[in-house]
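Some notes on the structure that comes next.
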2 protein chains.
Amino acid sequence: MSVKRCEYNPLLTPADVKPSDPRFKVDGVFNCGVAEYRDEIILLCRVAESVKQEDPNKIEIPIVVNENGQDKIDTVIYDKNVQTEYIYSDSRSVFKLGPGGKKMTANLTSLSHLRTARSRDGIHFEIDDKPSIMPIACEESWGMEDPRITQIGDVYYINYSAVTENGVCVSLIKTTDFETYERMGIIFGPENKDVTIFPEKIGGEYVAFNRPVPFGIGTPSIWIAKSPDLIHWGDQKLFLAASKEDRWDNGRVGGGAVPIRTEKGWLVVYHAADANDRYCLGLYLLDLAHPEKVIASLDMPLMEPETEYEKEGFFGNVVFTCGALLKNENLLIYYGAADDKICRADISLEDIFEMLGV
Amino acid sequence: MSVKRCEYNPLLTPADVKPSDPRFKVDGVFNCGVAEYRDEIILLCRVAESVKQEDPNKIEIPIVVNENGQDKIDTVIYDKNVQTEYIYSDSRSVFKLGPGGKKMTANLTSLSHLRTARSRDGIHFEIDDKPSIMPIACEESWGMEDPRITQIGDVYYINYSAVTENGVCVSLIKTTDFETYERMGIIFGPENKDVTIFPEKIGGEYVAFNRPVPFGIGTPSIWIAKSPDLIHWGDQKLFLAASKEDRWDNGRVGGGAVPIRTEKGWLVVYHAADANDRYCLGLYLLDLAHPEKVIASLDMPLMEPETEYEKEGFFGNVVFTCGALLKNENLLIYYGAADDKICRADISLEDIFEMLGV
């Protein structure tokens, strides 16, 4: 009784993706929002790109800037031999030491945009040649990351991490056709990410998990918030803190797939990492009318990095989901593996309920 | 042309405040919300208390816990000689090193509640013998801090830092008489503080400054948010980041006094600290209809720690305001000095406008 990885994994890799700019290489296609639209399954993928670099002592970093009212890609160049005050050891970020010795992010090494992949069978995906949504300078100069798609009626709401040098916010975009997109702005201020919006109003209000990242007190934890309109959020309550014990979820926890309604409750696949940044997936079943109320949960991971494609990659030892679908009583979990590939794992609802003892 | 400190400063000191519990001593009475109610000026003061301690090698810390459905004060005891894995050098907090060597707050050294002081002349204050609002275990087990009062019609809205081991949130309470108080819950999730709500709707929405404290990217900066109902907030935009230069405001910036309407714009006294945690007050004048639009600002502090009572105290080199009043064309700034006393400084509106060049 466990998830069954798709035999075609990984379904999408950087080799499948055309760079958005001839100067770029694709570092990763991962962490995708999932939706059903007409007769297709759509993955809205995070595509991370960096500048092709000949000199291993240099890092050239793409960012979005506004010049004369026009957004364009610019680059920042670090020379590791000269700029020795920076820390280059993390594949994802360049750090510097700020006031008081605080480790601060100077830049991300890559720039992420969102790109659409489509499939009829949910396994073989065709990914677009071009970005579907490019980051804008004013709110996403460092990129758009980790989209989740919540379908409410005929409208698909896409929330994602909107990153600038001023912080990581969560912003919202809506679409009805995955061709034209309308920006709705920032819905959670910094530092927040991993928002999953429930697909219907509950008790007259929209509900969302969100994952603040506090500086002084507390750990990166899952909070639950409510909204009358999807734009303004309040009534925050702690849902789940990182474990205080030496286990798989003692580093950070955060939203994963958008919650899925079942007859027995809301099915919530979330992520948790330990202190060594090993990312697993966990499982909750929540009361349909009171989603802050837990019916059942797994003490162990539903899924953890096991295969080579999950252990090795841009950032290894990661399974991370932004969306799943319930089809024919099976849960199809689309997930990012090692921060550079998209994979799928399935598990039947029957097995899930049995694991949860409900 | 500068602020004039009141000759009776400090107006309130710990010696003026009766402990809320015979086991406690008062460490500070400071950072007070300000309101006019009937013919009195009201200060809703942050009162910080700690447990009287005979043994200098021990720290006993008060927290609020819920036991059998009843909130009560409990204590946590640290023995510095035994628990050497903790860091005791900051007067405000006990720290520990968490996963990855991250410095984490294990406890605050004191527990703060809110207490009312009243005056007819705005200088001589009588402070209540008992707390006006005590922290509750579920949302404020580590205390209530730094209240701001926004009067809208006959209702006084009090927002404050609501602190637990899970983070620093901002919560809201309302009153019409400063005798009975109604809790409205968390309005900004962690980590956030220093919220100042404008005293009227602008463009059909409530507006507030808030100060997220991000972990990974960005500095503690002032953001501006909007709300239909004072409970749900969204549309966050960066208003002011900490300076990147070596100056008085390069550590953190945050809301101070609740904005005050003048004929020339919203008058905003905010706080800024440098990398050494020296807290000053700064000044902005904002467009009445578009408060995110700056009309004028001071490049230098409006006020900085100069007197002995501002330089020496529980945490020295701090001037910090949560509220000011405009009376007879004079701005009366009530402020916390060195995190343990309440003081006042005045400046005429005429001088302010001249300093701002408007």
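Order determines the names: the first chain of the structure tokens is A, the second B, and so forth; residues in each chain are numbered 1 upward, and ligands are numbered 1 upward as they are shown.
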Against chain B, which residues of chain A fall within 8 Å? For each one I want the closest pair of atoms and the distance in Å (one decimal), counting only C-alpha atoms, rows by chain and increasing residue number, as CSV.
residue,atom,partner,partner_atom,distance
A:Pro99,CA,B:Ala275,CA,5.4
A:Gly100,CA,B:Ala275,CA,6.8
A:Met104,CA,B:Gly216,CA,6.5
A:Thr105,CA,B:Ile217,CA,5.4
A:Glu165,CA,B:Gly218,CA,5.7
A:Asn166,CA,B:Gly218,CA,4.2
A:Gly167,CA,B:Gly218,CA,4.7
A:Val168,CA,B:Ile217,CA,6.7
A:Gly185,CA,B:Asp235,CA,6.3
A:Ile186,CA,B:Asp235,CA,5.5
A:Ile187,CA,B:Gly234,CA,5.3
A:Phe188,CA,B:Gly234,CA,6.7
A:Gly189,CA,B:Gln236,CA,5.8
A:Pro190,CA,B:Pro214,CA,6.1
A:Glu191,CA,B:Pro214,CA,4.9
A:Pro212,CA,B:Pro190,CA,6.2
A:Val213,CA,B:Phe215,CA,6.0
A:Pro214,CA,B:Glu191,CA,4.9
A:Phe215,CA,B:Phe215,CA,4.4
A:Gly216,CA,B:Thr105,CA,6.3
A:Ile217,CA,B:Gly167,CA,4.8
A:Gly218,CA,B:Asn166,CA,4.2
A:Thr219,CA,B:Asn166,CA,6.8
A:Lys226,CA,B:His232,CA,7.8
A:Ser227,CA,B:His232,CA,6.4
A:Pro228,CA,B:His232,CA,7.9
A:Ile231,CA,B:Gly234,CA,5.7
A:His232,CA,B:Gly234,CA,4.1
A:Trp233,CA,B:His232,CA,4.4
A:Gly234,CA,B:His232,CA,4.1
A:Asp235,CA,B:Ile186,CA,5.4
A:Gln236,CA,B:Gly189,CA,5.8
A:Lys237,CA,B:Ile186,CA,7.8
A:Leu238,CA,B:Asn166,CA,7.8
A:Ala241,CA,B:Asn166,CA,7.6
A:Gly251,CA,B:Pro99,CA,7.2
A:Ala275,CA,B:Pro99,CA,5.4
A:Asn276,CA,B:Gly100,CA,7.9
Atoms to include: N, CA, C and O atoms. Write the selected residues as a compact mmCIF listing (two decimals), in the first residue's frame.
# COMPACT_ATOMS: atom_id res chain seq x y z
N PRO A 99 24.04 42.85 7.86
CA PRO A 99 24.23 43.39 9.20
C PRO A 99 24.06 42.30 10.26
O PRO A 99 23.14 41.50 10.18
N GLY A 100 24.99 42.25 11.22
CA GLY A 100 24.88 41.28 12.29
C GLY A 100 25.23 39.87 11.86
O GLY A 100 24.90 38.91 12.54
N MET A 104 22.12 36.63 3.95
CA MET A 104 21.05 37.21 3.14
C MET A 104 21.19 36.77 1.69
O MET A 104 22.31 36.58 1.19
N THR A 105 20.06 36.61 1.02
CA THR A 105 20.08 36.22 -0.38
C THR A 105 20.44 37.42 -1.23
O THR A 105 19.72 38.42 -1.25
N GLU A 165 13.79 41.24 -4.98
CA GLU A 165 14.82 41.43 -3.95
C GLU A 165 14.19 41.86 -2.63
O GLU A 165 14.84 41.80 -1.58
N ASN A 166 12.93 42.29 -2.65
CA ASN A 166 12.27 42.74 -1.43
C ASN A 166 11.54 41.64 -0.69
O ASN A 166 11.00 41.87 0.39
N GLY A 167 11.48 40.46 -1.29
CA GLY A 167 10.83 39.37 -0.57
C GLY A 167 10.10 38.42 -1.48
O GLY A 167 9.95 38.64 -2.69
N VAL A 168 9.62 37.33 -0.88
CA VAL A 168 8.83 36.33 -1.59
C VAL A 168 7.37 36.51 -1.18
O VAL A 168 7.01 36.31 -0.02
N GLY A 185 -2.72 40.50 -8.63
CA GLY A 185 -1.82 41.11 -7.64
C GLY A 185 -1.44 40.19 -6.49
O GLY A 185 -1.74 38.99 -6.49
N ILE A 186 -0.77 40.79 -5.51
CA ILE A 186 -0.24 40.04 -4.36
C ILE A 186 -1.38 39.72 -3.40
O ILE A 186 -2.15 40.61 -3.02
N ILE A 187 -1.50 38.45 -3.00
CA ILE A 187 -2.53 38.08 -2.02
C ILE A 187 -1.95 37.78 -0.64
O ILE A 187 -2.65 37.87 0.35
N PHE A 188 -0.68 37.41 -0.57
CA PHE A 188 0.00 37.26 0.73
C PHE A 188 1.35 37.96 0.65
O PHE A 188 2.16 37.67 -0.24
N GLY A 189 1.58 38.90 1.58
CA GLY A 189 2.83 39.65 1.61
C GLY A 189 3.98 38.77 2.07
O GLY A 189 3.79 37.60 2.45
N PRO A 190 5.19 39.33 2.05
CA PRO A 190 6.37 38.52 2.38
C PRO A 190 6.42 38.14 3.86
O PRO A 190 5.84 38.84 4.68
N GLU A 191 7.12 37.10 4.22
CA GLU A 191 7.60 36.05 3.38
C GLU A 191 6.60 34.94 3.44
O GLU A 191 6.31 34.41 4.51
N PRO A 212 3.90 31.02 5.86
CA PRO A 212 4.81 32.12 6.21
C PRO A 212 6.19 31.55 6.59
O PRO A 212 6.28 30.43 7.08
N VAL A 213 7.21 32.34 6.34
CA VAL A 213 8.57 31.97 6.74
C VAL A 213 9.06 33.06 7.70
O VAL A 213 9.51 34.12 7.28
N PRO A 214 8.94 32.81 8.99
CA PRO A 214 9.25 33.87 9.96
C PRO A 214 10.75 34.00 10.19
O PRO A 214 11.49 33.03 10.06
N PHE A 215 11.16 35.18 10.58
CA PHE A 215 12.58 35.42 10.85
C PHE A 215 12.94 35.15 12.30
O PHE A 215 13.84 34.38 12.60
N GLY A 216 12.20 35.79 13.22
CA GLY A 216 12.65 35.79 14.60
C GLY A 216 12.11 34.67 15.47
O GLY A 216 12.84 34.07 16.25
N ILE A 217 10.84 34.40 15.35
CA ILE A 217 10.18 33.42 16.21
C ILE A 217 9.37 32.48 15.33
O ILE A 217 8.67 32.91 14.42
N GLY A 218 9.45 31.18 15.64
CA GLY A 218 8.66 30.21 14.89
C GLY A 218 9.43 29.56 13.76
O GLY A 218 10.53 29.97 13.41
N THR A 219 8.84 28.52 13.21
CA THR A 219 9.44 27.78 12.09
C THR A 219 8.54 27.93 10.87
O THR A 219 7.39 28.36 11.00
N LYS A 226 -8.69 32.89 5.70
CA LYS A 226 -9.99 32.97 5.03
C LYS A 226 -10.12 34.29 4.28
O LYS A 226 -9.43 35.26 4.59
N SER A 227 -11.00 34.29 3.29
CA SER A 227 -11.16 35.48 2.44
C SER A 227 -12.57 35.57 1.90
O SER A 227 -13.17 34.56 1.53
N PRO A 228 -13.09 36.80 1.78
CA PRO A 228 -14.40 36.95 1.13
C PRO A 228 -14.29 36.96 -0.40
O PRO A 228 -15.29 36.76 -1.08
N ILE A 231 -8.84 37.92 -2.67
CA ILE A 231 -7.83 38.99 -2.74
C ILE A 231 -7.37 39.38 -1.34
O ILE A 231 -6.18 39.54 -1.08
N HIS A 232 -8.32 39.59 -0.45
CA HIS A 232 -8.03 40.03 0.92
C HIS A 232 -8.15 38.82 1.85
O HIS A 232 -9.19 38.17 1.87
N TRP A 233 -7.10 38.56 2.63
CA TRP A 233 -7.05 37.37 3.48
C TRP A 233 -6.85 37.75 4.94
O TRP A 233 -6.13 38.68 5.25
N GLY A 234 -7.50 37.00 5.82
CA GLY A 234 -7.35 37.26 7.24
C GLY A 234 -7.70 36.03 8.05
O GLY A 234 -7.75 34.92 7.53
N ASP A 235 -7.93 36.25 9.36
CA ASP A 235 -8.34 35.16 10.25
C ASP A 235 -7.34 34.01 10.23
O ASP A 235 -7.71 32.84 10.23
N GLN A 236 -6.05 34.37 10.21
CA GLN A 236 -4.98 33.37 10.16
C GLN A 236 -4.96 32.52 11.43
O GLN A 236 -5.06 33.05 12.53
N LYS A 237 -4.81 31.22 11.23
CA LYS A 237 -4.63 30.31 12.37
C LYS A 237 -3.57 29.28 12.01
O LYS A 237 -3.50 28.82 10.87
N LEU A 238 -2.75 28.94 12.99
CA LEU A 238 -1.75 27.90 12.75
C LEU A 238 -2.44 26.57 12.48
O LEU A 238 -3.34 26.17 13.23
N ALA A 241 2.77 23.03 12.52
CA ALA A 241 4.15 23.50 12.66
C ALA A 241 5.11 22.37 12.33
O ALA A 241 4.74 21.19 12.38
N GLY A 251 12.09 20.31 9.65
CA GLY A 251 12.67 21.54 9.11
C GLY A 251 11.64 22.57 8.71
O GLY A 251 11.69 23.71 9.11
N ALA A 275 15.80 18.88 8.58
CA ALA A 275 16.82 19.92 8.73
C ALA A 275 17.87 19.87 7.63
O ALA A 275 18.59 20.84 7.41
N ASN A 276 17.95 18.74 6.92
CA ASN A 276 18.91 18.62 5.81
C ASN A 276 18.27 18.91 4.45
O ASN A 276 18.83 18.56 3.41
Among range 122-261 of chain B, which ones does DSSP assign to helix (DSSP H, G or I) (computed from the backbone)? Answer as a PyMOL selection string. chain B and resi 137-140
Residues from the last selection, N, CA and C atoms, saved as a PDB file, in the first residue's frame:
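Generated output (part_8.pdb):
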ATOM      1  N   ALA B 137      -3.851  32.603  26.109  1.00  0.00           N
ATOM      2  CA  ALA B 137      -2.913  31.509  25.808  1.00  0.00           C
ATOM      3  C   ALA B 137      -2.917  31.140  24.327  1.00  0.00           C
ATOM      4  N   CYS B 138      -4.094  31.087  23.721  1.00  0.00           N
ATOM      5  CA  CYS B 138      -4.162  30.518  22.372  1.00  0.00           C
ATOM      6  C   CYS B 138      -3.485  31.400  21.327  1.00  0.00           C
ATOM      7  N   GLU B 139      -3.497  32.712  21.508  1.00  0.00           N
ATOM      8  CA  GLU B 139      -2.922  33.584  20.482  1.00  0.00           C
ATOM      9  C   GLU B 139      -1.811  34.499  20.979  1.00  0.00           C
ATOM     10  N   GLU B 140      -1.609  34.578  22.301  1.00  0.00           N
ATOM     11  CA  GLU B 140      -0.634  35.540  22.821  1.00  0.00           C
ATOM     12  C   GLU B 140       0.123  34.973  24.017  1.00  0.00           C
TER      13      GLU B 140
END
Here CA of Thr180 in chain A and CA of Val47 in chain A stand apart by 18.8 Å
Please list as a VMD selection string every residue within 7 Å of Ile63 in chain B, counting only C-alpha atoms and excluding residues in the same chain fewer than 4 positions away. chain B and resid 73 to 75 111 141 to 142
Please produce a file of the residues just selected, as an mmCIF file, in the first residue's frame, where the atoms kept are all heavy atoms.
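This went into again-v5.cif:
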data_model
loop_
_atom_site.group_PDB
_atom_site.id
_atom_site.type_symbol
_atom_site.label_atom_id
_atom_site.label_comp_id
_atom_site.auth_asym_id
_atom_site.auth_seq_id
_atom_site.Cartn_x
_atom_site.Cartn_y
_atom_site.Cartn_z
ATOM 1 N N ILE B 73 -0.963 32.003 34.310
ATOM 2 C CA ILE B 73 0.451 32.285 34.104
ATOM 3 C C ILE B 73 1.265 31.089 34.588
ATOM 4 O O ILE B 73 1.061 30.585 35.686
ATOM 5 C CB ILE B 73 0.884 33.536 34.904
ATOM 6 C CG1 ILE B 73 0.034 34.754 34.534
ATOM 7 C CG2 ILE B 73 2.386 33.803 34.714
ATOM 8 C CD1 ILE B 73 0.341 35.348 33.198
ATOM 9 N N ASP B 74 2.169 30.643 33.745
ATOM 10 C CA ASP B 74 3.106 29.598 34.131
ATOM 11 C C ASP B 74 4.513 30.171 33.920
ATOM 12 O O ASP B 74 4.668 31.264 33.378
ATOM 13 C CB ASP B 74 2.882 28.366 33.252
ATOM 14 C CG ASP B 74 3.472 27.102 33.871
ATOM 15 O OD1 ASP B 74 4.161 27.214 34.904
ATOM 16 O OD2 ASP B 74 3.259 26.021 33.309
ATOM 17 N N THR B 75 5.526 29.463 34.346
ATOM 18 C CA THR B 75 6.880 29.959 34.094
ATOM 19 C C THR B 75 7.775 28.857 33.543
ATOM 20 O O THR B 75 7.563 27.673 33.778
ATOM 21 C CB THR B 75 7.542 30.547 35.366
ATOM 22 O OG1 THR B 75 7.708 29.508 36.327
ATOM 23 C CG2 THR B 75 6.716 31.670 35.958
ATOM 24 N N LEU B 111 6.994 39.103 29.762
ATOM 25 C CA LEU B 111 5.639 38.937 29.221
ATOM 26 C C LEU B 111 4.964 40.308 29.257
ATOM 27 O O LEU B 111 4.927 40.954 30.309
ATOM 28 C CB LEU B 111 4.859 37.939 30.085
ATOM 29 C CG LEU B 111 3.412 37.657 29.673
ATOM 30 C CD1 LEU B 111 3.365 36.840 28.383
ATOM 31 C CD2 LEU B 111 2.661 36.918 30.781
ATOM 32 N N SER B 141 0.457 33.695 23.974
ATOM 33 C CA SER B 141 1.091 33.050 25.129
ATOM 34 C C SER B 141 2.412 33.708 25.524
ATOM 35 O O SER B 141 2.832 33.621 26.668
ATOM 36 C CB SER B 141 1.326 31.569 24.838
ATOM 37 O OG SER B 141 2.056 31.428 23.641
ATOM 38 N N TRP B 142 3.040 34.392 24.573
ATOM 39 C CA TRP B 142 4.285 35.103 24.871
ATOM 40 C C TRP B 142 4.067 36.616 24.996
ATOM 41 O O TRP B 142 5.024 37.373 25.121
ATOM 42 C CB TRP B 142 5.348 34.820 23.813
ATOM 43 C CG TRP B 142 5.936 33.438 23.879
ATOM 44 C CD1 TRP B 142 5.483 32.363 24.610
ATOM 45 C CD2 TRP B 142 7.100 32.974 23.199
ATOM 46 N NE1 TRP B 142 6.289 31.278 24.418
ATOM 47 C CE2 TRP B 142 7.295 31.610 23.555
ATOM 48 C CE3 TRP B 142 8.005 33.559 22.307
ATOM 49 C CZ2 TRP B 142 8.347 30.846 23.056
ATOM 50 C CZ3 TRP B 142 9.055 32.797 21.815
ATOM 51 C CH2 TRP B 142 9.226 31.458 22.182
#
Could you tell me how far CA of Leu12 in chain B sits from CA of Cys343 in chain B, in Å to one decimal place? 7.1 Å
Pick out the residues sitting within 12 Å of Glu310 in chain A, and hand them over as an NGL selection string; count only C-alpha atoms, and ignore anything fewer than 5 positions along from it in its own chain. :A and (5 or 9-10 or 30 or 278-280 or 303-305 or 315-320 or 335-344)
Test item: residues at most 10 Å from range 38-42 of chain A, only C-alpha atoms, excluding those fewer than 4 positions along its chain, as a PyMOL selection string: chain A and resi 32-34+116-123+125-127+149+177-178+325
Could you please determine the separation between CA of Met300 in chain A and CA of Ala272 in chain A in Å, to one decimal place? 10.7 Å
When distances are computed from only C-alpha atoms, which of B:Leu97, B:Ala35, B:Val269, B:Ala289 shows the smallest separation from Asp154 in chain B? B:Ala35
Using only C-alpha atoms, which of B:Phe314, B:Thr262, B:Arg46, B:Glu292 sits nearest Ser91 in chain B?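 Result for the nearest residue to Ser91 in chain B: B:Phe314.
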Extract the full set of strand (DSSP E or B) residues from range 182-212 of chain A according to DSSP on the backbone, and format it as a ChimeraX atom specification. /A:182-188,192-197,202,205-212
With only C-alpha atoms as the counted atoms, please give the residues lying no more than 10 Å from Ala15 in chain A, apart from itself and same-chain residues fewer than 6 positions off, as a ChimeraX atom specification. /A:25-29,341
Output file for the selection above: N, CA and C atoms, as a short mmCIF file (atom, residue, chain, number, x, y, z; two decimals), in the first residue's frame:
data_model
loop_
_atom_site.label_atom_id
_atom_site.label_comp_id
_atom_site.auth_asym_id
_atom_site.auth_seq_id
_atom_site.Cartn_x
_atom_site.Cartn_y
_atom_site.Cartn_z
N LYS A 25 20.06 28.48 -20.71
CA LYS A 25 19.85 27.04 -20.68
C LYS A 25 18.77 26.76 -19.64
N VAL A 26 18.06 25.65 -19.82
CA VAL A 26 16.99 25.28 -18.89
C VAL A 26 17.58 24.43 -17.77
N ASP A 27 17.47 24.93 -16.56
CA ASP A 27 17.98 24.18 -15.39
C ASP A 27 16.95 23.21 -14.84
N GLY A 28 15.68 23.57 -15.00
CA GLY A 28 14.67 22.69 -14.43
C GLY A 28 13.29 22.96 -15.00
N VAL A 29 12.51 21.89 -15.12
CA VAL A 29 11.07 22.00 -15.38
C VAL A 29 10.44 21.14 -14.28
N LYS A 341 12.79 18.04 -12.65
CA LYS A 341 12.01 17.17 -13.53
C LYS A 341 10.56 17.08 -13.03
#
Nearest to Tyr160 in chain A by atom-to-atom distance, counting only C-alpha atoms, from A:Leu356, A:Ile136, A:Leu349, A:Cys322: A:Cys322
